[in-house]
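With mmCIF, C-alpha atoms inside, this is my_file_33.cif:
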```
data_my_file
#
loop_
_atom_site.label_atom_id
_atom_site.label_comp_id
_atom_site.auth_asym_id
_atom_site.auth_seq_id
_atom_site.Cartn_x
_atom_site.Cartn_y
_atom_site.Cartn_z
CA MET A 1 63.53 28.92 -23.92
CA LEU A 2 61.15 26.12 -23.05
CA VAL A 3 58.56 28.62 -21.84
CA GLN A 4 58.96 30.70 -24.98
CA ARG A 5 58.53 27.66 -27.19
CA GLU A 6 55.37 26.63 -25.34
CA CYS A 7 54.00 30.14 -25.88
CA MET A 8 54.86 30.01 -29.57
CA ASP A 9 53.22 26.61 -29.96
CA SER A 10 50.00 27.93 -28.38
CA ILE A 11 49.57 30.90 -30.70
CA THR A 12 45.92 31.61 -31.45
CA PHE A 13 44.24 34.08 -33.79
CA LYS A 14 41.50 36.21 -32.29
CA SER A 15 39.15 38.83 -33.69
CA ASP A 16 37.61 41.17 -31.13
CA THR A 17 34.86 42.58 -33.34
CA VAL A 18 32.66 41.57 -36.26
CA LEU A 19 31.09 43.64 -39.04
CA SER A 20 27.99 42.69 -41.01
CA ASP A 21 28.30 42.40 -44.78
CA VAL A 22 25.21 44.60 -45.04
CA HIS A 23 27.21 47.51 -43.63
CA MET A 24 30.46 46.66 -45.38
CA TYR A 25 29.07 46.24 -48.90
CA THR A 26 25.73 47.82 -49.69
CA PRO A 27 24.80 49.31 -53.07
CA ASN A 28 24.65 53.11 -53.04
CA ILE A 29 24.01 53.50 -49.35
CA ARG A 30 25.20 56.12 -46.90
CA HIS A 31 25.73 55.31 -43.26
CA LEU A 32 25.10 58.42 -41.16
CA MET A 33 26.48 58.62 -37.63
CA VAL A 34 23.86 60.32 -35.49
CA ARG A 35 24.71 59.76 -31.84
CA LEU A 36 26.46 57.67 -29.22
CA ASN A 37 24.35 55.10 -27.41
CA ALA A 38 24.23 54.52 -23.65
CA VAL A 39 27.40 52.39 -23.72
CA GLY A 40 29.36 54.82 -25.89
CA GLN A 41 29.02 53.02 -29.23
CA PRO A 42 28.56 55.15 -32.40
CA VAL A 43 25.04 54.78 -33.79
CA PHE A 44 24.50 55.06 -37.53
CA VAL A 45 21.39 55.49 -39.68
CA SER A 46 21.01 53.52 -42.91
CA LYS A 47 18.24 53.83 -45.49
CA PHE A 48 17.05 50.68 -47.24
CA LYS A 49 14.93 51.30 -50.31
CA ILE A 50 11.85 49.19 -50.95
CA LEU A 51 12.30 48.11 -54.57
CA ARG A 52 8.67 47.57 -55.51
CA ASN A 53 5.10 48.17 -54.42
CA ILE A 54 3.85 46.11 -51.50
CA ILE A 55 0.63 44.33 -52.42
CA ILE A 56 -1.12 42.51 -49.60
CA CYS A 57 -2.83 39.43 -51.06
CA ASN A 58 -5.37 36.99 -49.71
CA LYS A 59 -6.06 33.53 -51.06
CA ASP A 60 -9.60 32.36 -51.63
CA ASP A 61 -10.92 28.99 -50.55
CA SER A 62 -9.54 27.30 -53.67
CA GLY A 63 -6.03 28.48 -52.87
CA ASP A 64 -5.85 30.96 -55.75
CA PHE A 65 -5.41 34.70 -55.58
CA SER A 66 -8.59 36.67 -56.15
CA SER A 67 -8.74 38.67 -59.38
CA GLU A 68 -9.01 41.95 -57.50
CA GLU A 69 -5.72 41.38 -55.70
CA ASN A 70 -3.37 40.36 -58.50
CA ARG A 71 0.11 41.86 -58.16
CA VAL A 72 0.51 45.18 -60.00
CA LEU A 73 3.82 45.89 -61.74
CA ASP A 74 5.56 48.98 -60.44
CA ALA A 75 8.16 51.16 -62.15
CA ASP A 76 11.01 48.74 -61.45
CA ASP A 77 9.10 45.83 -62.95
CA VAL A 78 8.15 47.77 -66.07
CA LEU A 79 11.73 48.85 -66.75
CA THR A 80 13.14 45.35 -66.32
CA GLY A 81 10.30 43.60 -68.11
CA GLN A 82 10.11 41.17 -65.21
CA MET A 83 7.32 40.42 -62.78
CA GLY A 84 8.65 40.55 -59.26
CA CYS A 85 12.27 40.78 -60.41
CA SER A 86 14.78 43.47 -59.42
CA TYR A 87 17.21 45.24 -61.72
CA ALA A 88 20.04 43.05 -60.46
CA ALA A 89 18.11 39.83 -61.01
CA ALA A 90 17.05 40.88 -64.51
CA SER A 91 20.60 41.80 -65.40
CA GLU A 92 21.86 38.48 -64.06
CA LYS A 93 19.39 36.68 -66.35
CA LYS A 94 20.52 38.84 -69.26
CA PHE A 95 24.13 37.92 -68.54
CA GLU A 96 23.30 34.23 -68.23
CA VAL A 97 21.76 34.27 -71.70
CA THR A 98 24.82 36.02 -73.10
CA LYS A 99 27.13 33.60 -71.34
CA ASP A 100 25.31 30.57 -72.70
CA THR A 101 25.08 31.84 -76.27
CA VAL A 102 28.42 33.61 -76.77
CA HIS A 103 31.00 31.90 -74.56
CA THR A 104 30.91 28.40 -76.05
CA GLU A 105 34.63 27.60 -75.87
CA THR A 106 35.90 24.84 -73.60
CA LEU A 107 36.30 25.58 -69.89
CA LEU A 108 39.73 23.91 -69.74
CA ASP A 109 42.97 25.09 -71.33
CA ASP A 110 45.61 22.86 -72.95
CA ASP A 111 47.17 22.06 -69.58
CA GLY A 112 43.86 21.05 -68.05
CA ASP A 113 43.54 24.23 -65.94
CA LEU A 114 40.15 25.84 -65.52
CA ASN A 115 39.44 28.88 -67.68
CA VAL A 116 37.33 31.28 -65.61
CA ILE A 117 34.89 33.24 -67.75
CA ARG A 118 34.76 36.82 -66.53
CA ARG A 119 31.79 39.12 -66.74
CA PRO A 120 31.99 41.42 -69.75
CA VAL A 121 33.22 44.94 -69.06
CA ASP A 122 30.01 46.44 -70.42
CA PHE A 123 28.04 44.32 -67.93
CA LEU A 124 30.02 45.72 -65.00
CA CYS A 125 29.60 49.27 -66.31
CA TYR A 126 25.86 48.74 -66.73
CA GLU A 127 25.63 47.47 -63.17
CA LYS A 128 27.96 49.99 -61.58
CA ASN A 129 25.16 51.51 -59.51
CA LEU A 130 23.94 48.14 -58.29
CA TRP A 131 27.15 46.22 -57.69
CA ARG A 132 29.04 45.92 -54.43
CA GLU A 133 30.61 49.17 -53.36
CA LYS A 134 32.68 49.86 -50.30
CA VAL A 135 30.84 51.96 -47.76
CA TYR A 136 32.50 54.87 -46.00
CA PRO A 137 30.43 56.11 -43.03
CA THR A 138 29.69 59.83 -43.00
CA ILE A 139 29.40 61.70 -39.71
CA ILE A 140 26.57 64.23 -39.91
CA SER A 141 26.32 65.14 -36.26
CA LYS A 142 28.21 64.70 -33.05
CA GLY A 143 26.61 64.91 -29.66
CA GLU A 144 23.22 65.81 -31.14
CA GLU A 145 20.13 63.79 -31.97
CA TYR A 146 19.14 63.40 -35.60
CA SER A 147 15.73 64.85 -36.35
CA SER A 148 13.45 61.81 -36.51
CA GLU A 149 10.44 63.95 -37.51
CA GLU A 150 12.29 65.39 -40.49
CA TYR A 151 13.52 61.97 -41.58
CA GLU A 152 10.11 60.36 -41.08
CA GLU A 153 8.54 62.80 -43.53
CA ASP A 154 11.27 62.11 -46.09
CA CYS A 155 10.94 58.33 -45.61
CA SER A 156 7.22 58.29 -46.33
CA ILE A 157 7.87 59.85 -49.72
CA SER A 158 10.86 57.82 -50.83
CA LYS A 159 9.63 54.37 -49.69
CA GLU A 160 12.65 53.66 -47.57
CA ILE A 161 13.09 51.89 -44.26
CA ARG A 162 15.30 53.78 -41.85
CA ILE A 163 17.29 51.67 -39.41
CA GLU A 164 19.49 52.83 -36.57
CA HIS A 165 22.34 50.42 -35.91
CA THR A 166 25.92 50.15 -34.75
CA MET A 167 28.88 48.88 -36.75
CA ASP A 168 31.89 46.71 -35.92
CA THR A 169 30.66 45.31 -32.59
CA THR A 170 31.78 42.53 -30.31
CA LEU A 171 30.06 39.18 -30.70
CA GLU A 172 27.84 39.96 -27.70
CA ASP A 173 26.43 43.03 -29.47
CA VAL A 174 25.89 41.70 -33.00
CA GLY A 175 22.14 42.23 -32.53
CA LYS A 176 22.80 45.96 -32.93
CA GLN A 177 23.81 45.44 -36.55
CA VAL A 178 21.65 44.58 -39.57
CA TRP A 179 22.22 41.13 -41.09
CA ARG A 180 21.29 39.63 -44.44
CA GLY A 181 19.12 37.00 -42.80
CA ALA A 182 16.67 39.74 -41.77
CA PHE A 183 16.37 40.88 -45.40
CA LEU A 184 15.76 37.33 -46.63
CA LEU A 185 13.01 36.79 -44.07
CA ALA A 186 11.50 40.19 -44.93
CA ASP A 187 11.43 39.24 -48.62
CA TYR A 188 9.67 35.98 -47.79
CA ILE A 189 7.05 37.80 -45.71
CA TRP A 190 6.22 40.27 -48.48
CA ASN A 191 6.15 37.56 -51.15
CA ASN A 192 3.83 35.39 -49.03
CA SER A 193 1.79 37.98 -47.21
CA TYR A 194 -1.36 35.81 -47.22
CA LEU A 195 0.36 33.43 -44.76
CA PHE A 196 0.63 36.13 -42.10
CA ARG A 197 -2.54 38.15 -42.58
CA ASP A 198 -4.02 39.14 -39.18
CA CYS A 199 -1.67 36.79 -37.30
CA THR A 200 -0.14 37.28 -33.88
CA VAL A 201 3.62 36.98 -34.27
CA LEU A 202 6.47 36.49 -31.81
CA GLU A 203 9.96 37.40 -33.04
CA LEU A 204 12.94 36.19 -31.02
CA GLY A 205 16.29 37.95 -31.24
CA ALA A 206 14.76 40.84 -33.18
CA GLY A 207 17.86 43.05 -32.96
CA THR A 208 17.24 46.32 -34.77
CA GLY A 209 13.62 45.38 -35.49
CA MET A 210 13.83 45.18 -39.29
CA THR A 211 11.85 41.93 -39.64
CA SER A 212 9.17 42.98 -37.17
CA ILE A 213 8.65 46.25 -39.07
CA VAL A 214 8.10 44.32 -42.31
CA MET A 215 5.85 41.78 -40.60
CA ALA A 216 3.70 44.61 -39.23
CA THR A 217 2.57 45.42 -42.79
CA VAL A 218 0.52 42.21 -42.82
CA ALA A 219 0.18 40.80 -39.29
CA LYS A 220 -2.10 42.09 -36.52
CA THR A 221 0.10 42.00 -33.41
CA ILE A 222 3.87 41.55 -33.25
CA TYR A 223 5.84 40.89 -30.08
CA CYS A 224 9.32 42.10 -30.98
CA THR A 225 11.71 40.63 -28.42
CA ASP A 226 15.39 40.63 -27.53
CA VAL A 227 17.52 41.26 -24.46
CA GLY A 228 19.38 44.36 -23.23
CA GLU A 229 17.83 47.76 -22.55
CA ASP A 230 20.13 49.64 -24.92
CA LEU A 231 19.36 47.28 -27.81
CA LEU A 232 15.62 47.31 -27.12
CA ASN A 233 15.69 51.12 -26.96
CA MET A 234 17.30 51.22 -30.42
CA CYS A 235 14.76 48.71 -31.70
CA GLU A 236 11.86 50.78 -30.38
CA ARG A 237 13.23 53.93 -32.01
CA ASN A 238 13.37 52.11 -35.35
CA ILE A 239 9.80 50.92 -35.00
CA ILE A 240 8.51 54.39 -34.17
CA VAL A 241 10.30 56.18 -37.00
CA ASN A 242 9.15 53.57 -39.55
CA LYS A 243 5.48 53.63 -38.66
CA HIS A 244 4.71 54.99 -42.14
CA ILE A 245 5.59 51.52 -43.44
CA TYR A 246 2.94 49.65 -41.44
CA GLU A 247 0.45 52.14 -40.01
CA ALA A 248 -2.03 51.57 -42.86
CA ALA A 249 -2.34 47.93 -41.77
CA GLY A 250 -3.49 49.00 -38.31
CA SER A 251 -1.06 46.60 -36.65
CA GLU A 252 0.70 46.93 -33.31
CA ILE A 253 4.33 46.20 -32.46
CA LYS A 254 5.22 45.65 -28.82
CA VAL A 255 8.91 45.68 -27.88
CA ARG A 256 9.54 43.31 -25.00
CA GLU A 257 12.45 41.58 -23.31
CA LEU A 258 12.80 37.84 -23.82
CA ASP A 259 15.96 36.28 -22.45
CA TRP A 260 16.63 32.77 -23.78
CA LEU A 261 18.70 31.98 -20.71
CA ARG A 262 15.71 32.49 -18.41
CA ASP A 263 12.74 30.15 -18.01
CA ASP A 264 10.22 32.92 -17.41
CA LEU A 265 9.27 36.24 -19.01
CA CYS A 266 10.35 39.47 -17.35
CA THR A 267 7.49 41.02 -15.36
CA ASP A 268 9.59 43.42 -13.27
CA THR A 269 7.93 46.81 -13.67
CA LYS A 270 11.30 48.53 -13.21
CA ASN A 271 12.21 47.21 -16.64
CA PRO A 272 10.66 49.46 -19.33
CA TYR A 273 10.30 46.42 -21.62
CA CYS A 274 8.65 44.07 -19.13
CA TRP A 275 5.56 41.96 -19.91
CA SER A 276 2.20 42.56 -18.33
CA GLU A 277 0.07 39.62 -17.23
CA GLU A 278 -2.43 40.48 -19.97
CA GLU A 279 0.28 40.45 -22.64
CA ILE A 280 1.61 37.09 -21.50
CA ALA A 281 -1.87 35.59 -21.64
CA HIS A 282 -2.51 37.15 -25.05
CA MET A 283 0.79 35.90 -26.43
CA TYR A 284 0.16 32.30 -25.36
CA ASP A 285 -3.49 32.35 -26.45
CA HIS A 286 -3.11 33.94 -29.88
CA THR A 287 0.43 33.49 -31.25
CA ASP A 288 0.50 31.36 -34.39
CA VAL A 289 3.77 32.51 -36.04
CA LEU A 290 7.30 32.73 -34.62
CA LEU A 291 10.31 34.33 -36.32
CA ALA A 292 14.06 34.44 -35.87
CA ALA A 293 16.48 36.04 -38.35
CA ASP A 294 20.14 34.98 -38.36
CA VAL A 295 20.54 34.34 -34.64
CA PHE A 296 22.59 31.14 -34.90
CA TYR A 297 26.24 32.06 -34.41
CA ASP A 298 27.04 30.69 -30.94
CA ASP A 299 26.41 27.08 -29.92
CA ASP A 300 25.32 27.91 -26.37
CA LEU A 301 22.86 30.55 -27.58
CA THR A 302 21.57 28.20 -30.28
CA ASP A 303 20.88 25.58 -27.60
CA ALA A 304 19.13 28.21 -25.48
CA PHE A 305 17.05 29.34 -28.47
CA PHE A 306 15.72 25.85 -29.23
CA GLN A 307 15.00 25.23 -25.55
CA THR A 308 13.09 28.52 -25.47
CA ILE A 309 10.95 27.84 -28.54
CA TYR A 310 10.21 24.32 -27.32
CA ARG A 311 9.05 25.72 -23.97
CA ILE A 312 6.93 28.42 -25.66
CA LEU A 313 5.46 26.13 -28.31
CA SER A 314 4.49 23.60 -25.67
CA ASN A 315 2.33 26.25 -23.98
CA LEU A 316 0.77 27.92 -27.03
CA LYS A 317 -2.96 27.44 -27.44
CA ASN A 318 -2.86 27.35 -31.27
CA PRO A 319 -0.82 25.29 -33.74
CA SER A 320 2.05 27.45 -34.95
CA THR A 321 4.76 27.80 -37.57
CA ILE A 322 8.32 29.01 -36.99
CA TYR A 323 10.30 30.69 -39.78
CA LEU A 324 14.08 30.82 -39.38
CA SER A 325 16.74 32.41 -41.54
CA VAL A 326 20.38 31.42 -41.22
CA GLU A 327 23.59 32.17 -43.07
CA LYS A 328 26.12 29.39 -43.51
CA ARG A 329 29.37 31.20 -42.68
CA LEU A 330 32.46 29.36 -43.89
CA ASN A 331 35.68 29.64 -41.89
CA PHE A 332 39.08 28.06 -42.26
CA THR A 333 40.27 26.65 -38.94
CA LEU A 334 43.80 25.63 -38.00
CA ARG A 335 42.37 23.05 -35.61
CA LYS A 336 40.76 21.10 -38.45
CA MET A 337 42.93 22.46 -41.28
CA ASP A 338 39.79 22.74 -43.35
CA VAL A 339 36.92 25.07 -44.21
CA THR A 340 34.12 24.52 -41.72
CA CYS A 341 30.87 26.11 -40.59
CA ASP A 342 30.54 24.85 -37.03
CA ALA A 343 27.75 27.21 -35.97
CA TYR A 344 25.62 26.14 -38.94
CA ASP A 345 26.34 22.46 -38.33
CA HIS A 346 25.22 22.85 -34.72
CA PHE A 347 22.05 24.62 -35.89
CA ARG A 348 21.23 21.69 -38.19
CA LEU A 349 21.86 19.27 -35.34
CA CYS A 350 19.40 21.17 -33.14
CA LEU A 351 16.82 21.13 -35.95
CA ALA A 352 17.14 17.35 -36.19
CA ASP A 353 16.86 16.97 -32.41
CA LEU A 354 13.69 19.08 -32.35
CA GLU A 355 12.11 17.06 -35.14
CA ASN A 356 12.88 13.82 -33.29
CA ILE A 357 11.24 14.89 -30.01
CA CYS A 358 8.49 12.50 -28.93
CA ASP A 359 6.91 14.02 -25.87
CA GLY A 360 3.36 12.94 -26.66
CA ARG A 361 2.20 16.57 -26.82
CA THR A 362 3.70 18.34 -29.85
CA LYS A 363 4.89 17.09 -33.21
CA PHE A 364 7.54 19.12 -35.07
CA ILE A 365 7.90 19.02 -38.84
CA VAL A 366 11.05 20.68 -40.25
CA GLU A 367 11.16 21.82 -43.89
CA PRO A 368 13.61 23.94 -45.92
CA ILE A 369 12.20 26.82 -47.98
CA LYS A 370 13.59 27.58 -51.42
CA SER A 371 14.93 31.14 -51.67
CA SER A 372 13.74 31.65 -55.24
CA PHE A 373 11.26 34.45 -54.51
CA PRO A 374 11.85 38.05 -55.74
CA GLN A 375 13.66 40.70 -53.71
CA PHE A 376 11.83 43.64 -52.20
CA LEU A 377 14.99 44.98 -50.55
CA SER A 378 18.43 45.62 -51.99
CA TYR A 379 21.04 43.23 -50.56
CA GLU A 380 23.30 40.43 -51.73
CA ARG A 381 21.34 37.19 -51.57
CA VAL A 382 24.25 34.78 -51.41
CA GLU A 383 23.72 31.03 -51.76
CA GLN A 384 24.75 30.54 -48.12
CA LEU A 385 21.50 32.21 -46.98
CA GLU A 386 18.83 29.69 -46.04
CA LEU A 387 15.23 29.69 -44.83
CA TRP A 388 13.68 26.96 -42.68
CA LYS A 389 10.14 26.31 -41.56
CA ILE A 390 9.12 24.38 -38.44
CA ILE A 391 5.49 23.35 -38.13
CA ALA A 392 4.36 22.64 -34.56
CA GLU A 393 1.09 20.78 -34.25
CA PRO A 394 -0.60 18.69 -31.55
CA PHE A 395 0.67 15.14 -31.37
CA LYS A 396 -1.83 12.53 -32.50
CA SER A 397 -1.51 8.89 -31.51
CA ASN A 398 -2.27 6.09 -33.94
CA ALA A 399 -5.67 5.61 -32.28
CA GLN A 400 -6.53 9.31 -32.77
CA GLN A 401 -5.44 9.22 -36.43
#
```
Give the structure from this file in structure tokens form.
Amino acid sequence: MLVQRECMDSITFKSDTVLSDVHMYTPNIRHLMVRLNAVGQPVFVSKFKILRNIIICNKDDSGDFSSEENRVLDADDVLTGQMGCSYAAASEKKFEVTKDTVHTETLLDDDGDLNVIRRPVDFLCYEKNLWREKVYPTIISKGEEYSSEEYEEDCSISKEIRIEHTMDTTLEDVGKQVWRGAFLLADYIWNNSYLFRDCTVLELGAGTGMTSIVMATVAKTIYCTDVGEDLLNMCERNIIVNKHIYEAAGSEIKVRELDWLRDDLCTDTKNPYCWSEEEIAHMYDHTDVLLAADVFYDDDLTDAFFQTIYRILSNLKNPSTIYLSVEKRLNFTLRKMDVTCDAYDHFRLCLADLENICDGRTKFIVEPIKSSFPQFLSYERVEQLELWKIIAEPFKSNAQQ
């Protein structure tokens, strides 16, 4: 009985797999199973529509956009009457006006309880094609490859990004799914394309390659990195099939292995995603932008990430800027009997530690970025999504200043 009681007192709750919200709730999307990967996981194809025209803008010396490169409203903007605003955002604004002008009664009832104002039924009906809908994967083939050539032709017409991914993976394989942080970072890139024009970019933890594909529409060279041959193979397939998105920019995406738990880059020629000596030299000599989208979910990996970027930044020839997206995931824990977000808290701690480094070589400036820019991709931009910018510049002593 004593043994049984000890077992009962040590009960823990465990989840073996995780599923991205992008795959669970995505407006009007079909997930198509196309094959099994090398480790036997089902691989799906999802299409993500680009909501508006992509205009690549440069700023002149005064910091203003030139008159020839002003943003042009596309069909979505004309229908909503908004500049750089999606249907969903326009409808939200419409609802906010209605809410402020019609629902003027008190928010508390006679007992002091909160009266929750619901969205009008007509609003939900109007938004039925844009609201959250449960996704039921559809199997279109089994044991056969999906025709990438046929899909590529269709993609170029419909302005969609095609992404191969898995669903419902273990924590070790979450890079094979698509996460909202990648969409947020992609939106920021397209809304601020002048920041990345002709840059050399290094993405860490690229996963399915979504952010690198978007970055290739404006940057010159992108090193798209992660770890694991099966994941990198999936990433490379996505980059090849979406070349219609970025080929007009004349950019180049190189898929390479970068393991945060190793101090050096892989140069073993037996690895199909190894680095050449020329690529390593080029990366250190020309990189001025680093990216990472929603890679902060494990404290040990977060520590390894910040150690990796510190090591890379300390050896870069040019001053650089790092853009990070993160989602604050709230969890109720029995240990603390409270809602916590431990992974996010550890991420913020690492940010503070990086900013406080005084090594006499590099100065790090950490700044949050407001997520108030328009959406180019359809996803749920929840308030827990955040963007951060880290500026790395040479340290200057008081005498040098």
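You can rank A:Leu171, A:Leu51, A:Val34, A:Leu265 by their closest distance to Val18 of chain A using all atoms listed in the file, and at the top of that list sits A:Leu171.
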(message) So that I can see what lies close to Val382 of chain A, please list as a VMD selection string the residues with an atom at most 12 Å from it, counting all atoms listed in the file and leaving out residues fewer than 3 positions away in the same chain.
(response) chain A and resid 21 to 22 180 to 181 183 to 184 326 to 329 371 to 372 379 385 to 386
(request) For Ile322 of chain A, list every protein, DNA or RNA residue within 6 Å, evaluated using only C-alpha atoms, and leave out those in the same chain fewer than 2 positions away; present the list as a ChimeraX atom specification. (result) /A:289-291,389-390
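Between atom CA of Thr321 of chain A and atom CA of Phe305 of chain A lies a distance of 15.4 Å.
With atom CA of Thr302 of chain A on one side and atom CA of Ser314 of chain A on the other, the separation reads 18.3 Å.
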(request) Determine the residue membership of the PyMOL selection byres ((chain A and resi 227-238) around 10) for the file above and supply it as an MDAnalysis selection string. (result) chainID A and resid 37:39 43 45 148 161:166 173 175:177 204:210 212:213 224:226 239:243 253:260 271:273
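Note that the spacing between atom CA of Glu203 of chain A and atom CA of Asp353 of chain A amounts to 21.6 Å.
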(request) Determine the residue set returned by the PyMOL selection byres ((chain A and resi 246-251) around 7) for the present structure, and present it as a list in words. (result) Ala216, Thr217, Val218, Ala219, Lys220, Thr221, Lys243, His244, Ile245, Glu252 and Ile253 of chain A
Output the residue selection produced by the PyMOL selection byres ((chain A and resi 370) around 10) on the file above, formatted as a PDB file with C-alpha atoms, in the coordinates of the input.
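Dumped everything to result.pdb:
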```
ATOM      1  CA  TYR A 188       9.670  35.980 -47.790  1.00  0.00           C
ATOM      2  CA  GLU A 367      11.160  21.820 -43.890  1.00  0.00           C
ATOM      3  CA  PRO A 368      13.610  23.940 -45.920  1.00  0.00           C
ATOM      4  CA  ILE A 369      12.200  26.820 -47.980  1.00  0.00           C
ATOM      5  CA  SER A 371      14.930  31.140 -51.670  1.00  0.00           C
ATOM      6  CA  SER A 372      13.740  31.650 -55.240  1.00  0.00           C
ATOM      7  CA  PHE A 373      11.260  34.450 -54.510  1.00  0.00           C
ATOM      8  CA  GLU A 386      18.830  29.690 -46.040  1.00  0.00           C
ATOM      9  CA  LEU A 387      15.230  29.690 -44.830  1.00  0.00           C
ATOM     10  CA  TRP A 388      13.680  26.960 -42.680  1.00  0.00           C
TER      11      TRP A 388
END
```
(request) Tell me, as a list in words, which residues lie within 8 Å of His286 of chain A, counting only C-alpha atoms; anything in the same chain fewer than 2 positions away does not count. (result) Thr200, His282, Met283, Tyr284, Asp288, Leu316, Lys317 and Asn318 of chain A
